[in-house]
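J.: If it helps, the file is called my_file-v6.cif and holds mmCIF, N, CA and C atoms:
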data_my_file
#
loop_
_atom_site.label_atom_id
_atom_site.label_comp_id
_atom_site.auth_asym_id
_atom_site.auth_seq_id
_atom_site.Cartn_x
_atom_site.Cartn_y
_atom_site.Cartn_z
N MET A 24 71.09 74.94 3.29
CA MET A 24 70.94 75.68 4.52
C MET A 24 69.72 75.15 5.26
N HIS A 25 69.86 74.97 6.55
CA HIS A 25 68.81 74.42 7.40
C HIS A 25 68.34 75.50 8.37
N ASN A 26 67.07 75.50 8.68
CA ASN A 26 66.54 76.48 9.64
C ASN A 26 66.92 76.01 11.04
N PHE A 27 68.00 76.55 11.58
CA PHE A 27 68.52 76.08 12.86
C PHE A 27 67.53 76.26 14.00
N GLN A 28 66.66 77.24 13.91
CA GLN A 28 65.71 77.49 15.00
C GLN A 28 64.65 76.40 15.10
N GLU A 29 64.45 75.66 14.03
CA GLU A 29 63.45 74.60 14.02
C GLU A 29 64.03 73.21 14.30
N LEU A 30 65.34 73.10 14.36
CA LEU A 30 65.96 71.79 14.56
C LEU A 30 65.72 71.28 15.98
N ILE A 31 65.17 70.10 16.09
CA ILE A 31 64.90 69.48 17.39
C ILE A 31 66.20 69.30 18.16
N ILE A 32 67.25 68.90 17.48
CA ILE A 32 68.52 68.67 18.16
C ILE A 32 69.04 69.96 18.80
N ARG A 33 68.87 71.08 18.13
CA ARG A 33 69.31 72.35 18.69
C ARG A 33 68.49 72.71 19.92
N LYS A 34 67.19 72.51 19.84
CA LYS A 34 66.32 72.80 20.99
C LYS A 34 66.71 71.95 22.20
N LYS A 35 66.95 70.66 21.97
CA LYS A 35 67.36 69.77 23.06
C LYS A 35 68.72 70.19 23.62
N ALA A 36 69.61 70.61 22.74
CA ALA A 36 70.95 71.02 23.18
C ALA A 36 70.89 72.32 23.99
N ILE A 37 69.98 73.20 23.65
CA ILE A 37 69.82 74.43 24.44
C ILE A 37 69.29 74.11 25.83
N HIS A 38 68.31 73.23 25.91
CA HIS A 38 67.80 72.81 27.22
C HIS A 38 68.91 72.16 28.05
N LEU A 39 69.73 71.37 27.38
CA LEU A 39 70.86 70.73 28.05
C LEU A 39 71.81 71.79 28.61
N ALA A 40 72.14 72.79 27.82
CA ALA A 40 73.05 73.85 28.27
C ALA A 40 72.45 74.61 29.46
N GLU A 41 71.16 74.87 29.41
CA GLU A 41 70.51 75.54 30.54
C GLU A 41 70.64 74.70 31.81
N ASP A 42 70.40 73.41 31.68
CA ASP A 42 70.49 72.52 32.85
C ASP A 42 71.92 72.45 33.38
N VAL A 43 72.89 72.47 32.49
CA VAL A 43 74.29 72.44 32.91
C VAL A 43 74.65 73.73 33.66
N TYR A 44 74.16 74.86 33.18
CA TYR A 44 74.41 76.13 33.88
C TYR A 44 73.82 76.10 35.28
N LYS A 45 72.60 75.60 35.41
CA LYS A 45 71.97 75.51 36.74
C LYS A 45 72.75 74.58 37.66
N LEU A 46 73.16 73.44 37.13
CA LEU A 46 73.91 72.48 37.92
C LEU A 46 75.26 73.05 38.34
N SER A 47 75.97 73.65 37.42
CA SER A 47 77.31 74.16 37.72
C SER A 47 77.27 75.39 38.63
N ALA A 48 76.13 76.03 38.74
CA ALA A 48 76.01 77.15 39.67
C ALA A 48 76.18 76.69 41.12
N GLU A 49 75.99 75.40 41.34
CA GLU A 49 76.13 74.83 42.68
C GLU A 49 77.58 74.42 42.99
N PHE A 50 78.47 74.49 42.02
CA PHE A 50 79.86 74.12 42.24
C PHE A 50 80.51 75.11 43.20
N PRO A 51 81.55 74.68 43.89
CA PRO A 51 82.26 75.59 44.81
C PRO A 51 82.88 76.77 44.06
N GLU A 52 83.00 77.87 44.75
CA GLU A 52 83.56 79.09 44.18
C GLU A 52 84.97 78.86 43.60
N GLU A 53 85.76 78.01 44.26
CA GLU A 53 87.13 77.79 43.76
C GLU A 53 87.17 77.09 42.40
N GLU A 54 86.03 76.57 41.94
CA GLU A 54 85.95 75.95 40.61
C GLU A 54 85.49 76.93 39.54
N LYS A 55 85.26 78.17 39.93
CA LYS A 55 84.72 79.16 39.00
C LYS A 55 85.52 79.26 37.71
N TYR A 56 86.84 79.26 37.82
CA TYR A 56 87.69 79.39 36.63
C TYR A 56 88.25 78.05 36.18
N GLY A 57 87.81 76.99 36.80
CA GLY A 57 88.26 75.65 36.45
C GLY A 57 87.14 74.88 35.77
N LEU A 58 86.65 73.90 36.48
CA LEU A 58 85.66 72.99 35.91
C LEU A 58 84.34 73.71 35.58
N THR A 59 83.94 74.65 36.38
CA THR A 59 82.69 75.38 36.11
C THR A 59 82.76 76.05 34.74
N SER A 60 83.83 76.76 34.50
CA SER A 60 84.02 77.45 33.23
C SER A 60 84.09 76.46 32.07
N GLN A 61 84.85 75.40 32.24
CA GLN A 61 85.04 74.42 31.17
C GLN A 61 83.73 73.70 30.83
N ILE A 62 83.01 73.31 31.84
CA ILE A 62 81.77 72.56 31.61
C ILE A 62 80.72 73.44 30.93
N ARG A 63 80.70 74.71 31.28
CA ARG A 63 79.77 75.63 30.65
C ARG A 63 80.13 75.88 29.19
N ARG A 64 81.42 76.03 28.92
CA ARG A 64 81.84 76.24 27.52
C ARG A 64 81.49 75.04 26.66
N SER A 65 81.70 73.85 27.18
CA SER A 65 81.35 72.64 26.42
C SER A 65 79.85 72.58 26.17
N ALA A 66 79.08 72.88 27.19
CA ALA A 66 77.62 72.84 27.06
C ALA A 66 77.11 73.84 26.03
N VAL A 67 77.66 75.03 26.03
CA VAL A 67 77.25 76.07 25.09
C VAL A 67 77.73 75.74 23.67
N SER A 68 78.84 75.07 23.57
CA SER A 68 79.41 74.73 22.27
C SER A 68 78.51 73.80 21.46
N VAL A 69 77.78 72.94 22.14
CA VAL A 69 76.94 71.96 21.42
C VAL A 69 75.87 72.67 20.59
N PRO A 70 74.95 73.43 21.20
CA PRO A 70 73.93 74.08 20.36
C PRO A 70 74.51 75.17 19.45
N SER A 71 75.59 75.81 19.88
CA SER A 71 76.19 76.86 19.06
C SER A 71 76.73 76.30 17.75
N ASN A 72 77.40 75.17 17.81
CA ASN A 72 77.94 74.57 16.58
C ASN A 72 76.84 74.00 15.69
N ILE A 73 75.79 73.49 16.30
CA ILE A 73 74.65 73.02 15.51
C ILE A 73 74.04 74.20 14.75
N ALA A 74 73.85 75.31 15.45
CA ALA A 74 73.26 76.50 14.81
C ALA A 74 74.18 77.04 13.72
N GLU A 75 75.47 77.13 14.00
CA GLU A 75 76.39 77.67 13.00
C GLU A 75 76.45 76.77 11.78
N GLY A 76 76.51 75.46 12.00
CA GLY A 76 76.57 74.54 10.88
C GLY A 76 75.31 74.54 10.03
N ALA A 77 74.17 74.71 10.68
CA ALA A 77 72.90 74.72 9.96
C ALA A 77 72.81 75.90 9.01
N ASP A 78 73.53 76.96 9.30
CA ASP A 78 73.49 78.16 8.48
C ASP A 78 74.47 78.10 7.31
N ARG A 79 75.28 77.06 7.25
CA ARG A 79 76.23 76.94 6.15
C ARG A 79 75.51 76.49 4.89
N ASN A 80 76.13 76.71 3.75
CA ASN A 80 75.47 76.48 2.47
C ASN A 80 75.54 75.04 1.98
N THR A 81 76.32 74.20 2.63
CA THR A 81 76.41 72.82 2.15
C THR A 81 76.19 71.83 3.29
N ASP A 82 75.72 70.66 2.90
CA ASP A 82 75.53 69.60 3.89
C ASP A 82 76.86 69.16 4.49
N GLY A 83 77.92 69.20 3.69
CA GLY A 83 79.24 68.83 4.18
C GLY A 83 79.72 69.73 5.30
N LYS A 84 79.48 71.02 5.15
CA LYS A 84 79.87 71.96 6.20
C LYS A 84 79.01 71.77 7.44
N PHE A 85 77.72 71.50 7.23
CA PHE A 85 76.84 71.21 8.36
C PHE A 85 77.34 69.97 9.11
N ARG A 86 77.71 68.96 8.35
CA ARG A 86 78.24 67.73 8.94
C ARG A 86 79.48 68.02 9.79
N ASN A 87 80.37 68.86 9.29
CA ASN A 87 81.57 69.20 10.06
C ASN A 87 81.22 69.86 11.39
N PHE A 88 80.27 70.77 11.38
CA PHE A 88 79.87 71.42 12.63
C PHE A 88 79.14 70.46 13.56
N LEU A 89 78.39 69.52 12.98
CA LEU A 89 77.78 68.48 13.82
C LEU A 89 78.86 67.64 14.48
N GLY A 90 79.94 67.40 13.76
CA GLY A 90 81.07 66.67 14.34
C GLY A 90 81.71 67.42 15.49
N ILE A 91 81.83 68.73 15.35
CA ILE A 91 82.37 69.54 16.44
C ILE A 91 81.42 69.50 17.63
N ALA A 92 80.12 69.61 17.36
CA ALA A 92 79.12 69.53 18.44
C ALA A 92 79.20 68.18 19.14
N SER A 93 79.41 67.13 18.37
CA SER A 93 79.54 65.80 18.95
C SER A 93 80.77 65.71 19.85
N GLY A 94 81.87 66.27 19.40
CA GLY A 94 83.08 66.31 20.22
C GLY A 94 82.87 67.08 21.51
N SER A 95 82.16 68.20 21.42
CA SER A 95 81.86 68.99 22.61
C SER A 95 80.95 68.22 23.56
N SER A 96 80.03 67.45 23.01
CA SER A 96 79.15 66.66 23.88
C SER A 96 79.93 65.57 24.60
N ASN A 97 80.94 65.02 23.94
CA ASN A 97 81.79 64.02 24.60
C ASN A 97 82.63 64.67 25.70
N GLU A 98 83.12 65.88 25.44
CA GLU A 98 83.83 66.63 26.48
C GLU A 98 82.91 66.87 27.68
N LEU A 99 81.70 67.29 27.39
CA LEU A 99 80.73 67.58 28.44
C LEU A 99 80.43 66.33 29.26
N CYS A 100 80.26 65.22 28.60
CA CYS A 100 80.01 63.96 29.31
C CYS A 100 81.15 63.65 30.27
N THR A 101 82.36 63.78 29.80
CA THR A 101 83.54 63.53 30.64
C THR A 101 83.56 64.49 31.83
N GLN A 102 83.27 65.74 31.60
CA GLN A 102 83.30 66.74 32.66
C GLN A 102 82.19 66.51 33.69
N LEU A 103 81.04 66.07 33.23
CA LEU A 103 79.94 65.76 34.16
C LEU A 103 80.31 64.57 35.05
N ILE A 104 80.88 63.55 34.44
CA ILE A 104 81.30 62.37 35.21
C ILE A 104 82.38 62.75 36.20
N LEU A 105 83.34 63.54 35.77
CA LEU A 105 84.41 64.00 36.66
C LEU A 105 83.85 64.84 37.80
N SER A 106 82.88 65.69 37.50
CA SER A 106 82.25 66.51 38.54
C SER A 106 81.63 65.64 39.63
N HIS A 107 81.00 64.57 39.20
CA HIS A 107 80.42 63.64 40.17
C HIS A 107 81.51 62.92 40.96
N ARG A 108 82.52 62.46 40.27
CA ARG A 108 83.61 61.73 40.94
C ARG A 108 84.38 62.60 41.92
N LEU A 109 84.40 63.89 41.67
CA LEU A 109 85.07 64.83 42.58
C LEU A 109 84.13 65.33 43.67
N ASN A 110 82.93 64.75 43.72
CA ASN A 110 81.92 65.11 44.72
C ASN A 110 81.47 66.57 44.63
N LEU A 111 81.50 67.12 43.43
CA LEU A 111 80.99 68.47 43.23
C LEU A 111 79.48 68.44 43.02
N VAL A 112 78.97 67.28 42.62
CA VAL A 112 77.55 67.13 42.33
C VAL A 112 77.14 65.69 42.62
N SER A 113 75.92 65.52 43.07
CA SER A 113 75.43 64.18 43.39
C SER A 113 75.02 63.43 42.12
N GLU A 114 75.00 62.13 42.22
CA GLU A 114 74.56 61.30 41.08
C GLU A 114 73.11 61.62 40.74
N LYS A 115 72.31 61.88 41.75
CA LYS A 115 70.90 62.20 41.55
C LYS A 115 70.73 63.45 40.66
N LYS A 116 71.61 64.41 40.82
CA LYS A 116 71.51 65.65 40.04
C LYS A 116 72.15 65.52 38.65
N VAL A 117 73.21 64.73 38.54
CA VAL A 117 73.91 64.64 37.27
C VAL A 117 73.24 63.62 36.32
N ALA A 118 72.57 62.62 36.87
CA ALA A 118 71.99 61.56 36.03
C ALA A 118 71.00 62.07 34.99
N PRO A 119 70.05 62.96 35.34
CA PRO A 119 69.13 63.44 34.30
C PRO A 119 69.82 64.26 33.22
N ILE A 120 70.87 64.95 33.59
CA ILE A 120 71.61 65.74 32.59
C ILE A 120 72.36 64.81 31.65
N LEU A 121 72.96 63.76 32.21
CA LEU A 121 73.63 62.78 31.35
C LEU A 121 72.63 62.10 30.42
N LYS A 122 71.43 61.86 30.92
CA LYS A 122 70.38 61.26 30.08
C LYS A 122 70.03 62.19 28.92
N SER A 123 69.88 63.47 29.20
CA SER A 123 69.60 64.46 28.15
C SER A 123 70.74 64.54 27.14
N LEU A 124 71.96 64.47 27.66
CA LEU A 124 73.14 64.50 26.79
C LEU A 124 73.15 63.31 25.85
N ILE A 125 72.83 62.14 26.36
CA ILE A 125 72.78 60.94 25.53
C ILE A 125 71.70 61.08 24.45
N GLU A 126 70.58 61.69 24.79
CA GLU A 126 69.53 61.93 23.80
C GLU A 126 70.05 62.80 22.66
N VAL A 127 70.78 63.85 23.02
CA VAL A 127 71.36 64.73 21.99
C VAL A 127 72.35 63.95 21.13
N GLN A 128 73.19 63.14 21.77
CA GLN A 128 74.17 62.35 21.03
C GLN A 128 73.49 61.35 20.10
N LYS A 129 72.37 60.77 20.54
CA LYS A 129 71.65 59.80 19.71
C LYS A 129 71.03 60.43 18.48
N ILE A 130 70.81 61.72 18.51
CA ILE A 130 70.31 62.43 17.33
C ILE A 130 71.48 62.89 16.46
N THR A 131 72.57 63.31 17.08
CA THR A 131 73.71 63.86 16.35
C THR A 131 74.35 62.83 15.43
N ILE A 132 74.62 61.65 15.95
CA ILE A 132 75.34 60.64 15.16
C ILE A 132 74.59 60.27 13.87
N PRO A 133 73.28 59.98 13.91
CA PRO A 133 72.58 59.71 12.65
C PRO A 133 72.57 60.89 11.69
N LEU A 134 72.52 62.10 12.24
CA LEU A 134 72.58 63.28 11.35
C LEU A 134 73.92 63.38 10.65
N ILE A 135 74.98 63.11 11.38
CA ILE A 135 76.32 63.12 10.77
C ILE A 135 76.36 62.09 9.64
N LYS A 136 75.84 60.91 9.91
CA LYS A 136 75.82 59.85 8.88
C LYS A 136 74.96 60.23 7.71
N LYS A 137 73.84 60.90 7.97
CA LYS A 137 72.93 61.32 6.90
C LYS A 137 73.62 62.26 5.92
N PHE A 138 74.48 63.13 6.45
CA PHE A 138 75.12 64.13 5.59
C PHE A 138 76.52 63.70 5.15
N THR A 139 76.89 62.45 5.39
CA THR A 139 78.15 61.92 4.92
C THR A 139 77.94 61.30 3.55
N LYS A 140 78.77 61.70 2.63
CA LYS A 140 78.61 61.19 1.25
C LYS A 140 79.40 59.94 1.06
#
Spit out the file's structure as structure tokens when you get a sec.
T.:
Amino acid sequence: MHNFQELIIRKKAIHLAEDVYKLSAEFPEEEKYGLTSQIRRSAVSVPSNIAEGADRNTDGKFRNFLGIASGSSNELCTQLILSHRLNLVSEKKVAPILKSLIEVQKITIPLIKKFTK
């Protein structure tokens, strides 16, 4: 069991989710139940799965939840790029969030490998 509150990756993922919420608040109202909702769920899924996995009793289970978090981060990346391509957000606003997302991914992948037997 890992102390999820102390994990750097979880802290970075929470900041990422906060930034995604702020960014998506600028999306048009007609996207409220579309891309806005989807992008927020993906963003919240990353730190949530890290926290849930950290509380499991085995490294294997933690690894599985890290894998889910990684998948959610890939979804989020796709949704951020699509948001820009649909002109819902400027490149200037999405670029720092994508950078933060890549930082989280760069920590996640080695952790998954670390807990792979």
J.: Please report the interatomic distance between CA of Thr101 in chain A and atom C of Ile32 in chain A in Å with one decimal.
T.: 19.8 Å
J.: Looking at all atoms listed in the file, which of A:Ser95, A:Glu126, A:Glu53, A:Asn110 is the one that sits closest to Lys35 in chain A?
T.: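 Smallest distance to Lys35 in chain A is found for A:Glu126.
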J.: Check which residues satisfy the PyMOL selection byres ((chain A and resi 54-71) around 7) in the file shown, then give them as a ChimeraX atom specification.
T.: /A:32-34,36-37,39-41,43-44,47,50-53,72-76,91-93,95-96,98-99,102-103
J.: Could you jot down the atom N of Pro119 in chain A to CA of Gly90 in chain A separation for me, Å, one decimal place?
T.: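 A separation of 24.0 Å between them.
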J.: Could you work out how far atom C of Ser123 in chain A lies from CA of Leu89 in chain A, giving the answer in Å with one decimal?
T.: 15.6 Å
J.: Select from chain A everything DSSP, run on the backbone, classes as alpha helix (DSSP H), then give the selection as a PyMOL selection string.
T.: chain A and resi 31-47+58-77+82-108+114-137
J.: Which residues are close to Asp82 in chain A, i.e. within 8 Å by only N, CA and C atoms, leaving aside same-chain residues fewer than 2 positions away? Reply as a list in words.
T.: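 Those residues are Met24, Gly76, Arg79, Asn80, Lys84, Phe85, Arg86, Asn87, Phe88, Lys137, Phe138, Thr139 and Lys140 of chain A.
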J.: Given all atoms listed in the file as the basis, pick out the residue of A:Leu30, A:Thr131, A:Lys45, A:Leu121 nearest to Ile104 in chain A.
T.: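 So, comparing all the options, the nearest one is A:Leu121.
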